[in-house]
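Student: So here's work-v5.txt, just compact mmCIF, C-alpha atoms and all ligand atoms:
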```txt
# COMPACT_ATOMS: atom_id res chain seq x y z
CA MET A 8 11.81 -132.03 175.70
CA ILE A 9 15.09 -130.51 176.75
CA ARG A 10 14.93 -127.25 178.58
CA TYR A 11 17.81 -124.95 179.23
CA PHE A 12 17.94 -122.90 182.37
CA PHE A 13 20.33 -120.11 183.02
CA VAL A 14 21.62 -120.73 186.48
CA MET A 15 22.30 -117.40 188.03
CA LEU A 16 24.71 -117.45 190.88
CA LEU A 17 23.71 -114.70 193.28
CA LEU A 18 25.76 -115.29 196.39
CA ASP A 19 26.01 -113.61 199.78
CA SER A 20 29.32 -112.17 200.91
CA SER A 21 30.51 -115.03 203.14
CA ASP A 22 34.26 -115.48 203.12
CA GLN A 23 33.84 -118.78 201.27
CA ASN A 24 31.91 -117.04 198.48
CA LEU A 25 34.45 -114.22 198.24
CA ARG A 26 37.18 -116.82 197.81
CA ALA A 27 35.10 -118.52 195.12
CA ALA A 28 34.65 -115.15 193.39
CA GLY A 29 38.38 -114.48 193.59
CA SER A 30 39.29 -117.80 192.04
CA ALA A 31 36.61 -117.44 189.36
CA ILE A 32 38.29 -114.16 188.33
CA ALA A 33 41.72 -115.81 188.43
CA GLN A 34 40.32 -118.51 186.09
CA GLY A 35 39.19 -115.96 183.52
CA LYS A 36 35.52 -115.71 184.49
CA ILE A 37 33.48 -112.55 184.95
CA VAL A 38 32.01 -111.75 188.35
CA ALA A 39 29.71 -108.92 189.45
CA ILE A 40 31.12 -107.36 192.59
CA PRO A 41 29.80 -104.73 194.99
CA THR A 42 31.81 -101.54 195.45
CA GLU A 43 30.98 -98.43 197.48
CA THR A 44 30.04 -96.55 194.29
CA VAL A 45 28.12 -98.98 192.05
CA TYR A 46 28.32 -102.70 191.24
CA GLY A 47 31.14 -103.57 188.86
CA LEU A 48 31.56 -106.44 186.41
CA GLY A 49 35.06 -107.72 187.06
CA ALA A 50 37.65 -109.78 185.21
CA ASP A 51 41.40 -110.36 185.50
CA ALA A 52 42.90 -107.12 184.16
CA PHE A 53 45.89 -108.97 182.69
CA ASN A 54 43.75 -111.50 180.78
CA ALA A 55 42.55 -109.99 177.48
CA GLN A 56 40.12 -112.83 176.76
CA ALA A 57 38.48 -112.54 180.15
CA VAL A 58 38.16 -108.78 179.69
CA ALA A 59 36.60 -109.34 176.25
CA LYS A 60 33.78 -111.22 177.98
CA ILE A 61 32.91 -108.05 179.90
CA PHE A 62 32.49 -106.07 176.69
CA ALA A 63 30.33 -108.85 175.24
CA ALA A 64 28.14 -109.13 178.35
CA LYS A 65 27.53 -105.37 178.48
CA ASN A 66 27.31 -104.79 174.74
CA ARG A 67 29.93 -102.15 175.39
CA PRO A 68 31.84 -100.58 172.49
CA THR A 69 35.51 -101.49 172.69
CA PHE A 70 36.65 -97.87 172.41
CA ASP A 71 35.52 -97.29 176.00
CA PRO A 72 38.36 -98.05 178.46
CA LEU A 73 37.80 -99.87 181.76
CA ILE A 74 38.90 -98.98 185.27
CA VAL A 75 41.41 -101.33 186.87
CA HIS A 76 40.75 -102.05 190.55
CA VAL A 77 43.50 -102.90 193.03
CA ALA A 78 43.17 -104.34 196.55
CA SER A 79 45.59 -101.78 197.99
CA ALA A 80 47.83 -98.93 196.94
CA SER A 81 50.83 -101.26 197.11
CA ALA A 82 49.54 -103.11 194.02
CA LEU A 83 49.54 -99.89 191.99
CA ASP A 84 52.99 -100.54 190.56
CA THR A 85 51.83 -103.75 188.88
CA VAL A 86 49.44 -101.67 186.77
CA VAL A 87 51.07 -98.29 186.16
CA ARG A 88 54.52 -97.34 184.93
CA LEU A 89 54.79 -94.12 186.81
CA VAL A 90 52.92 -92.42 189.63
CA PRO A 91 53.10 -88.62 189.24
CA PRO A 92 53.75 -86.79 192.54
CA LYS A 93 50.27 -85.29 192.72
CA ALA A 94 48.78 -88.74 192.13
CA ARG A 95 50.87 -90.09 194.99
CA ILE A 96 49.42 -87.44 197.29
CA LEU A 97 45.86 -88.35 196.31
CA VAL A 98 46.53 -92.09 196.69
CA GLU A 99 47.90 -91.59 200.17
CA ALA A 100 45.10 -89.30 201.32
CA LEU A 101 42.02 -90.56 199.54
CA TRP A 102 42.44 -94.27 198.79
CA PRO A 103 40.67 -96.54 199.32
CA GLY A 104 37.70 -94.60 197.99
CA PRO A 105 35.64 -93.42 195.02
CA LEU A 106 38.54 -91.88 193.10
CA THR A 107 39.97 -93.15 189.80
CA LEU A 108 43.34 -91.84 188.67
CA VAL A 109 44.44 -92.04 185.03
CA MET A 110 48.18 -92.69 184.75
CA PRO A 111 50.69 -94.17 182.27
CA LYS A 112 50.01 -97.90 181.96
CA ARG A 113 52.35 -100.85 182.12
CA GLU A 114 52.91 -102.96 179.01
CA ALA A 115 51.29 -105.95 180.76
CA ILE A 116 47.86 -104.29 180.76
CA PRO A 117 46.28 -105.43 177.49
CA ASP A 118 44.99 -102.90 174.97
CA ILE A 119 41.41 -104.07 175.33
CA VAL A 120 41.39 -102.74 178.90
CA THR A 121 42.48 -99.24 177.92
CA ALA A 122 40.96 -99.08 174.43
CA GLY A 123 44.49 -98.82 173.07
CA LEU A 124 45.41 -95.78 175.16
CA ASP A 125 48.81 -95.73 176.86
CA THR A 126 47.15 -94.65 180.08
CA VAL A 127 45.03 -96.64 182.51
CA GLY A 128 42.43 -95.59 185.08
CA VAL A 129 43.12 -97.20 188.47
CA ARG A 130 41.20 -97.19 191.68
CA CYS A 131 41.23 -98.92 195.05
CA PRO A 132 37.62 -99.35 196.19
CA SER A 133 36.78 -98.92 199.88
CA HIS A 134 34.07 -101.59 199.97
CA PRO A 135 35.54 -104.41 202.07
CA VAL A 136 33.84 -107.06 199.90
CA ALA A 137 35.39 -105.66 196.72
CA ARG A 138 38.83 -105.52 198.29
CA LYS A 139 38.60 -109.08 199.61
CA ILE A 140 37.56 -110.41 196.20
CA ILE A 141 40.42 -108.58 194.48
CA GLU A 142 42.85 -109.79 197.12
CA TYR A 143 41.66 -113.42 196.75
CA SER A 144 41.90 -113.18 192.96
CA GLY A 145 45.61 -112.47 193.32
CA THR A 146 45.42 -110.02 190.43
CA ALA A 147 44.10 -106.57 189.52
CA VAL A 148 40.47 -106.49 188.41
CA ALA A 149 39.23 -104.58 185.36
CA ALA A 150 35.62 -103.61 186.00
CA PRO A 151 33.15 -101.23 184.43
CA SER A 152 29.77 -100.69 186.04
CA ALA A 153 27.68 -103.88 185.76
CA ASN A 154 24.89 -102.52 183.56
CA PRO A 155 24.03 -103.01 179.90
CA PHE A 156 25.83 -100.29 177.92
CA GLY A 157 24.00 -96.98 178.06
CA TYR A 158 21.72 -97.82 180.98
CA ILE A 159 21.89 -96.66 184.60
CA SER A 160 24.59 -98.21 186.81
CA PRO A 161 23.42 -100.85 189.32
CA THR A 162 23.44 -100.03 193.02
CA THR A 163 22.10 -103.38 194.26
CA ALA A 164 22.89 -107.01 193.39
CA MET A 165 19.28 -107.40 192.22
CA HIS A 166 19.76 -104.62 189.64
CA VAL A 167 22.62 -106.67 188.18
CA ALA A 168 20.69 -109.94 188.36
CA LYS A 169 17.71 -108.46 186.49
CA GLN A 170 19.74 -107.07 183.61
CA LEU A 171 22.85 -109.22 183.27
CA GLY A 172 21.97 -112.29 185.36
CA ASP A 173 22.24 -114.70 182.43
CA ARG A 174 25.49 -113.20 181.15
CA VAL A 175 27.77 -113.29 184.17
CA ASP A 176 29.38 -116.23 185.94
CA MET A 177 28.60 -115.04 189.46
CA ILE A 178 27.08 -112.13 191.37
CA ILE A 179 28.22 -111.31 194.90
CA ASP A 180 25.67 -109.44 197.00
CA GLY A 181 27.31 -106.85 199.21
CA GLY A 182 24.15 -104.83 199.95
CA PRO A 183 23.14 -101.50 198.44
CA CYS A 184 26.03 -99.19 197.44
CA ALA A 185 26.66 -96.48 200.03
CA VAL A 186 27.90 -93.81 197.60
CA GLY A 187 25.60 -94.65 194.68
CA VAL A 188 27.31 -92.68 191.90
CA GLU A 189 30.47 -93.76 190.09
CA SER A 190 33.96 -92.70 191.09
CA THR A 191 35.45 -89.33 190.28
CA VAL A 192 37.89 -89.78 187.36
CA ILE A 193 40.97 -87.51 187.14
CA ASP A 194 43.60 -87.58 184.41
CA MET A 195 46.89 -87.26 186.30
CA THR A 196 49.12 -87.18 183.20
CA HIS A 197 49.01 -83.37 182.98
CA GLU A 198 50.72 -80.86 185.24
CA ILE A 199 47.25 -79.52 186.05
CA PRO A 200 45.20 -82.69 186.38
CA ILE A 201 42.00 -82.85 184.34
CA VAL A 202 38.58 -83.77 185.71
CA LEU A 203 37.18 -86.41 183.34
CA ARG A 204 34.14 -87.28 185.42
CA PRO A 205 32.76 -85.74 188.62
CA GLY A 206 31.78 -88.55 190.98
CA GLY A 207 31.75 -89.96 194.48
CA MET A 208 34.88 -88.11 195.64
CA PRO A 209 34.10 -84.39 196.00
CA LEU A 210 36.36 -82.22 193.82
CA GLU A 211 36.77 -79.85 196.77
CA ARG A 212 38.69 -82.54 198.69
CA ILE A 213 40.99 -83.12 195.74
CA GLN A 214 41.64 -79.40 195.27
CA GLU A 215 42.50 -79.02 198.96
CA LEU A 216 45.28 -81.57 198.48
CA ILE A 217 46.77 -80.77 195.07
CA GLY A 218 45.44 -77.36 194.14
CA GLU A 219 44.14 -76.43 190.73
CA LEU A 220 42.16 -78.82 188.53
CA ALA A 221 41.37 -78.33 184.86
CA PHE A 222 38.04 -78.98 183.23
CA PRO A 223 37.81 -79.98 179.58
CA GLU A 224 36.02 -77.56 177.26
CA LYS A 225 32.24 -77.67 177.58
CA GLU A 226 31.70 -79.64 174.39
CA LEU A 227 34.75 -81.77 175.01
CA LYS A 228 33.57 -82.45 178.52
CA VAL A 229 31.49 -85.38 177.47
CA PHE A 230 33.99 -87.01 175.16
CA ALA A 231 37.35 -86.20 176.75
CA SER A 232 37.19 -89.55 178.46
CA PRO A 233 36.86 -91.91 175.51
CA GLY A 234 33.45 -93.46 175.50
CA GLN A 235 32.00 -90.95 177.91
CA LEU A 236 28.96 -90.78 175.69
CA LYS A 237 26.13 -88.62 176.87
CA SER A 238 23.82 -91.59 176.68
CA HIS A 239 25.54 -93.13 179.68
CA TYR A 240 23.33 -93.38 182.74
CA ALA A 241 20.07 -92.93 180.79
CA PRO A 242 16.79 -94.42 181.98
CA HIS A 243 14.31 -95.60 179.33
CA ALA A 244 11.98 -92.72 180.21
CA ASP A 245 12.68 -89.28 178.74
CA LEU A 246 14.25 -87.21 181.46
CA LEU A 247 13.61 -83.46 181.36
CA LEU A 248 16.15 -81.54 183.40
CA PHE A 249 15.35 -78.07 184.80
CA GLU A 250 17.33 -75.43 186.64
CA GLU A 251 17.22 -75.39 190.42
CA GLY A 252 13.84 -74.14 191.67
CA ALA A 253 12.18 -74.23 188.23
CA LEU A 254 10.16 -77.40 188.59
CA ALA A 255 7.54 -75.95 190.94
CA ARG A 256 6.88 -73.19 188.39
CA ILE A 257 6.20 -75.27 185.29
CA ASP A 258 2.78 -75.06 183.70
CA PRO A 259 0.81 -78.18 184.77
CA ALA A 260 -0.89 -78.12 181.35
CA SER A 261 2.50 -78.76 179.71
CA VAL A 262 3.04 -82.01 181.59
CA PRO A 263 2.22 -85.09 179.45
CA ALA A 264 0.47 -88.23 180.68
CA HIS A 265 2.47 -90.86 182.61
CA ALA A 266 4.92 -88.31 184.00
CA ALA A 267 6.75 -88.51 187.31
CA ALA A 268 9.03 -86.06 189.06
CA ILE A 269 12.19 -86.49 191.10
CA ALA A 270 12.25 -84.22 194.16
CA PHE A 271 15.40 -83.58 196.14
CA ASP A 272 13.72 -83.61 199.56
CA THR A 273 10.31 -83.82 201.25
CA SER A 274 9.70 -80.07 201.23
CA MET A 275 10.29 -79.89 197.48
CA ALA A 276 7.98 -82.88 197.04
CA GLU A 277 5.25 -81.04 198.99
CA GLN A 278 5.71 -77.97 196.82
CA LEU A 279 5.43 -80.05 193.64
CA ARG A 280 2.37 -81.85 194.93
CA GLU A 281 0.61 -78.50 195.37
CA ALA A 282 1.79 -76.73 192.24
CA THR A 283 1.85 -79.50 189.65
CA CYS A 284 0.10 -82.68 188.57
CA PHE A 285 2.67 -85.45 188.36
CA ASP A 286 1.42 -89.04 188.65
CA MET A 287 4.21 -89.75 191.09
CA ILE A 288 6.86 -87.81 192.95
CA TYR A 289 10.02 -89.64 193.99
CA VAL A 290 12.12 -88.21 196.82
CA LEU A 291 15.92 -88.59 196.73
CA SER A 292 16.50 -87.74 200.38
CA PRO A 293 13.60 -86.89 202.76
CA LYS A 294 15.75 -84.50 204.82
CA GLY A 295 17.77 -83.16 201.91
CA ASN A 296 21.08 -84.90 202.57
CA ILE A 297 23.22 -84.72 199.44
CA LEU A 298 25.04 -88.00 200.20
CA GLU A 299 21.76 -89.86 200.63
CA ALA A 300 20.42 -88.26 197.45
CA ALA A 301 23.43 -89.50 195.46
CA ALA A 302 23.05 -92.98 196.92
CA ASN A 303 19.39 -93.13 195.84
CA LEU A 304 19.59 -91.45 192.42
CA PHE A 305 20.04 -94.49 190.15
CA ALA A 306 17.62 -96.67 192.14
CA VAL A 307 14.94 -93.96 191.79
CA MET A 308 15.44 -93.79 188.00
CA ARG A 309 15.14 -97.58 187.79
CA THR A 310 12.01 -97.64 189.94
CA ALA A 311 10.44 -95.01 187.68
CA ASP A 312 11.34 -97.09 184.61
CA GLU A 313 9.90 -100.23 186.17
CA ALA A 314 6.70 -98.35 187.00
CA GLY A 315 6.40 -97.52 183.29
CA PHE A 316 6.58 -93.71 183.40
CA SER A 317 7.42 -92.26 180.00
CA THR A 318 8.63 -88.86 181.19
CA LEU A 319 10.66 -87.96 184.25
CA TYR A 320 11.01 -84.37 185.46
CA ALA A 321 14.01 -83.39 187.55
CA GLU A 322 15.88 -80.24 188.51
CA ARG A 323 19.51 -79.55 189.23
CA VAL A 324 20.75 -79.61 192.82
CA PRO A 325 23.33 -77.16 194.28
CA ASP A 326 26.55 -77.69 192.29
CA ALA A 327 28.95 -78.54 195.14
CA GLY A 328 30.37 -81.76 196.61
CA LEU A 329 28.39 -84.78 195.43
CA GLY A 330 25.85 -82.35 193.95
CA ARG A 331 28.21 -82.06 190.97
CA ALA A 332 28.06 -85.81 190.34
CA ILE A 333 24.26 -85.79 190.70
CA ASN A 334 23.93 -82.91 188.21
CA ASP A 335 26.32 -84.64 185.79
CA ARG A 336 24.30 -87.89 185.88
CA LEU A 337 20.99 -86.03 185.55
CA TYR A 338 22.40 -84.13 182.58
CA ARG A 339 23.61 -87.30 180.87
CA ALA A 340 20.31 -89.03 181.57
CA SER A 341 18.56 -86.11 179.85
CA LYS A 342 20.70 -86.51 176.68
CA LYS A 343 19.83 -89.73 174.98
CA SER A 344 22.41 -89.67 172.22
O1 LIG B 401 32.84 -96.15 190.47
C1 LIG B 401 33.29 -96.56 189.41
O2 LIG B 401 34.18 -95.98 188.79
C2 LIG B 401 32.70 -97.88 188.87
C3 LIG B 401 33.06 -99.00 189.83
C4 LIG B 401 32.66 -100.35 189.29
O3 LIG B 401 34.41 -98.95 190.13
N1 LIG B 401 33.19 -98.13 187.55
C5 LIG B 401 32.81 -97.41 186.48
O4 LIG B 401 33.36 -97.85 185.30
O5 LIG B 401 32.05 -96.48 186.52
P1 LIG B 401 32.86 -97.39 183.87
O6 LIG B 401 33.57 -98.26 182.92
O7 LIG B 401 31.38 -97.43 183.80
O8 LIG B 401 33.40 -95.93 183.72
C6 LIG B 401 34.78 -95.71 183.64
C7 LIG B 401 35.08 -94.40 183.03
C8 LIG B 401 34.74 -94.46 181.57
O9 LIG B 401 33.92 -93.40 181.21
C9 LIG B 401 36.08 -94.35 180.88
O10 LIG B 401 35.97 -93.64 179.70
C10 LIG B 401 36.96 -93.68 181.92
O11 LIG B 401 36.47 -94.09 183.17
N2 LIG B 401 38.34 -94.14 181.76
C11 LIG B 401 38.86 -95.34 182.10
N3 LIG B 401 40.15 -95.42 181.73
C12 LIG B 401 40.47 -94.25 181.15
C13 LIG B 401 41.65 -93.71 180.52
N4 LIG B 401 42.79 -94.39 180.43
N5 LIG B 401 41.59 -92.45 180.03
C14 LIG B 401 40.45 -91.74 180.12
N6 LIG B 401 39.29 -92.19 180.68
C15 LIG B 401 39.31 -93.42 181.18
MG MG B 402 29.42 -97.21 183.42
```
Can the structure in the file be given as structure tokens, please?

Tutor:
Amino acid sequence: MIRYFFVMLLLDSSDQNLRAAGSAIAQGKIVAIPTETVYGLGADAFNAQAVAKIFAAKNRPTFDPLIVHVASASALDTVVRLVPPKARILVEALWPGPLTLVMPKREAIPDIVTAGLDTVGVRCPSHPVARKIIEYSGTAVAAPSANPFGYISPTTAMHVAKQLGDRVDMIIDGGPCAVGVESTVIDMTHEIPIVLRPGGMPLERIQELIGELAFPEKELKVFASPGQLKSHYAPHADLLLFEEGALARIDPASVPAHAAAIAFDTSMAEQLREATCFDMIYVLSPKGNILEAAANLFAVMRTADEAGFSTLYAERVPDAGLGRAINDRLYRASKKS
């Protein structure tokens, strides 16, 4: 009897492995790479066939454009046609880091990367492993988050291995992601740049540098970035999202079986333990640190899914800094379609 095994290549981040990852990308393969935000699934951004493999592996609709990752700001000109002055300021102050800038694309970037748009989202990640791999690839790397379309983004190599292990050529383990939510995405093609996605770079820092930012209309908010479907970031469990402070006041009788809650910190968890009857209470950050909470958010949703809970209760956190990204992801997770 012949048996087929999928050989999953989960490799540590030794320099030899990073070189192997770089050349795999240069050869048109797809490689899962750690970044400071979430794990990405990378391919040569100038190779349409390689990029097509990403869409196939993720089951991602092709109207959803990818972010192109560069090893340093000096590679920006290979990808974009023009860097608006405000974008230049942000690049100089905030790269490398969790900030994606949408700018006019060069002809050489294939349509499949940008879903046919004449703009491209570019970012320079701060994770040293990501930058080494991109550098060794000798190209720019198109990479969405390395999760099946519609599910939560991976923040460890094991998350990727469990869900896409048999569909990628290689996974590089760079440890858990320090930021834990995806990059902030800003459309720089307007005089007043538009926030397409709140994320790992606080909007306050961006406003300090370039002033006013525009926000798409409420309804538009979700779709202004093509493919920013609400269903992004959703766990399998139903997530019920409440206003800040409301969770401790819900009627225990209204809570269904197999329900868990997500508490911001230990003191909120204590409150919930006394006032409610959840089967489990997950804590995002014991001492209530917003950065730690963001870093743990997706892993907590996954753990709850793996434990088989059918309903997850959560409440909004203060809407500032990374709290905005947390609230955005909780909101999307609560909207399944
Ligand atoms: O932190 C991150 O950004 C991670 C890591 C891997 O870098 N990547 C990531 O990629 O989150 P992805 O594909 O899951 O999300 C990229 C978002 C999409 O919602 C897409 O619509 C938007 O960026 N985007 C990319 N290019 C765009 C463009 N030209 N115009 C408008 N939105 C764009
Ligand atoms: Mg994604």

Student: Using all atoms listed in the file, find the one residue out of A:Ile119, A:Pro242, A:Leu106, A:Ala94 that sits nearest to Glu313 (chain A).

Tutor: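 Among the listed residues, the smallest separation from Glu313 (chain A) belongs to A:Pro242.
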
Student: Taking all atoms listed in the file into account, report as a PyMOL selection string which residues have an atom no farther than 8 Å from an atom of ligand MG 402 (chain B).

Tutor: chain A and resi 151-154+156-157+159-160+189+239-240

Student: As an exercise, work out the distance from CA of Phe222 (chain A) to CA of Leu203 (chain A) in Å and give it to one decimal place.

Tutor: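 Distance reported for this atom pair: 7.5 Å.
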
Student: Find the residues of chain A that sit at most 8 Å from ligand LIG 401 (chain B); for each, write down the nearest two atoms and how far apart they are in Å, to one decimal. Count all atoms listed in the file. Sort by chain, then by number going up, and give it as a tab-separated table.

Tutor:
```
residue	atom	partner	partner_atom	distance
A:Ile40	CA	B:LIG401	C4	7.9
A:Pro41	CA	B:LIG401	C4	7.7
A:Thr42	CA	B:LIG401	C3	6.3
A:Glu43	CA	B:LIG401	O1	7.6
A:Thr44	CA	B:LIG401	O1	4.8
A:Val45	CA	B:LIG401	C3	5.4
A:Tyr46	CA	B:LIG401	C4	5.3
A:Gly47	CA	B:LIG401	C4	3.6
A:Leu48	CA	B:LIG401	C4	6.8
A:Asp71	CA	B:LIG401	O10	5.2
A:Pro72	CA	B:LIG401	N3	4.6
A:Leu73	CA	B:LIG401	C11	4.7
A:Ile74	CA	B:LIG401	C11	4.8
A:Val75	CA	B:LIG401	N3	7.9
A:His76	CA	B:LIG401	O3	7.1
A:Pro105	CA	B:LIG401	O1	6.0
A:Leu106	CA	B:LIG401	O2	7.4
A:Thr107	CA	B:LIG401	O2	6.5
A:Val109	CA	B:LIG401	N4	5.4
A:Met110	CA	B:LIG401	N4	7.1
A:Val120	CA	B:LIG401	N3	7.9
A:Thr121	CA	B:LIG401	N4	5.5
A:Ala122	CA	B:LIG401	N4	7.8
A:Leu124	CA	B:LIG401	N4	6.0
A:Asp125	CA	B:LIG401	N4	7.1
A:Thr126	CA	B:LIG401	N4	4.4
A:Val127	CA	B:LIG401	N4	3.8
A:Gly128	CA	B:LIG401	N3	4.1
A:Val129	CA	B:LIG401	N3	7.6
A:Arg130	CA	B:LIG401	O3	7.2
A:Pro132	CA	B:LIG401	O3	6.9
A:Ala150	CA	B:LIG401	C4	5.5
A:Pro151	CA	B:LIG401	O6	3.4
A:Ser152	CA	B:LIG401	O7	4.3
A:Ala153	CA	B:LIG401	C4	7.1
A:Ser160	CA	B:LIG401	O7	7.5
A:Val188	CA	B:LIG401	O1	6.7
A:Glu189	CA	B:LIG401	O1	3.4
A:Ser190	CA	B:LIG401	O1	3.7
A:Thr191	CA	B:LIG401	O2	6.9
A:Val192	CA	B:LIG401	O11	6.2
A:Asp194	CA	B:LIG401	C14	6.8
A:Leu203	CA	B:LIG401	N6	6.7
A:Arg204	CA	B:LIG401	O9	7.4
A:Gly206	CA	B:LIG401	O1	7.7
A:Gly207	CA	B:LIG401	O1	7.5
A:Ala231	CA	B:LIG401	C14	7.2
A:Ser232	CA	B:LIG401	N6	4.0
A:Pro233	CA	B:LIG401	O10	4.6
A:Gly234	CA	B:LIG401	O10	4.9
A:Gln235	CA	B:LIG401	O9	4.5
A:Leu236	CA	B:LIG401	O9	7.9
```

Student: In Å, rounded to a single decimal, give me how far CA of Leu210 (chain A) is from CA of Leu291 (chain A).

Tutor: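 The value is 21.6 Å.
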
Student: Using only C-alpha atoms, determine which residues lie at most 8 Å from Ala302 (chain A), disregarding the query and same-chain residues fewer than 5 positions distant; provide the list as JSON, numbers by chain.

Tutor: {"A": [184, 185, 186, 187, 188]}

Student: Quick one: everything within 10 Å of Leu248 (chain A), counting only C-alpha atoms, minus sequence neighbours fewer than 6 positions away in the same chain. Send it as a ChimeraX atom specification.

Tutor: /A:254,269,319-323,334,337-342

Student: Find the spatial neighbours of Arg331 (chain A), counting all atoms listed in the file, within a cut-off of 9 Å - ignore same-chain residues fewer than 5 positions away - and output them as a PyMOL selection string.

Tutor: chain A and resi 205-206+209-210+324-326+336

Student: Check the smallest atom-to-atom distance from each of A:Cys284, A:Ala55, A:Ala164, A:Ile141 to Ala255 (chain A) using only C-alpha atoms, then report the winner.

Tutor: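 Closest to Ala255 (chain A) of all the choices is A:Cys284.
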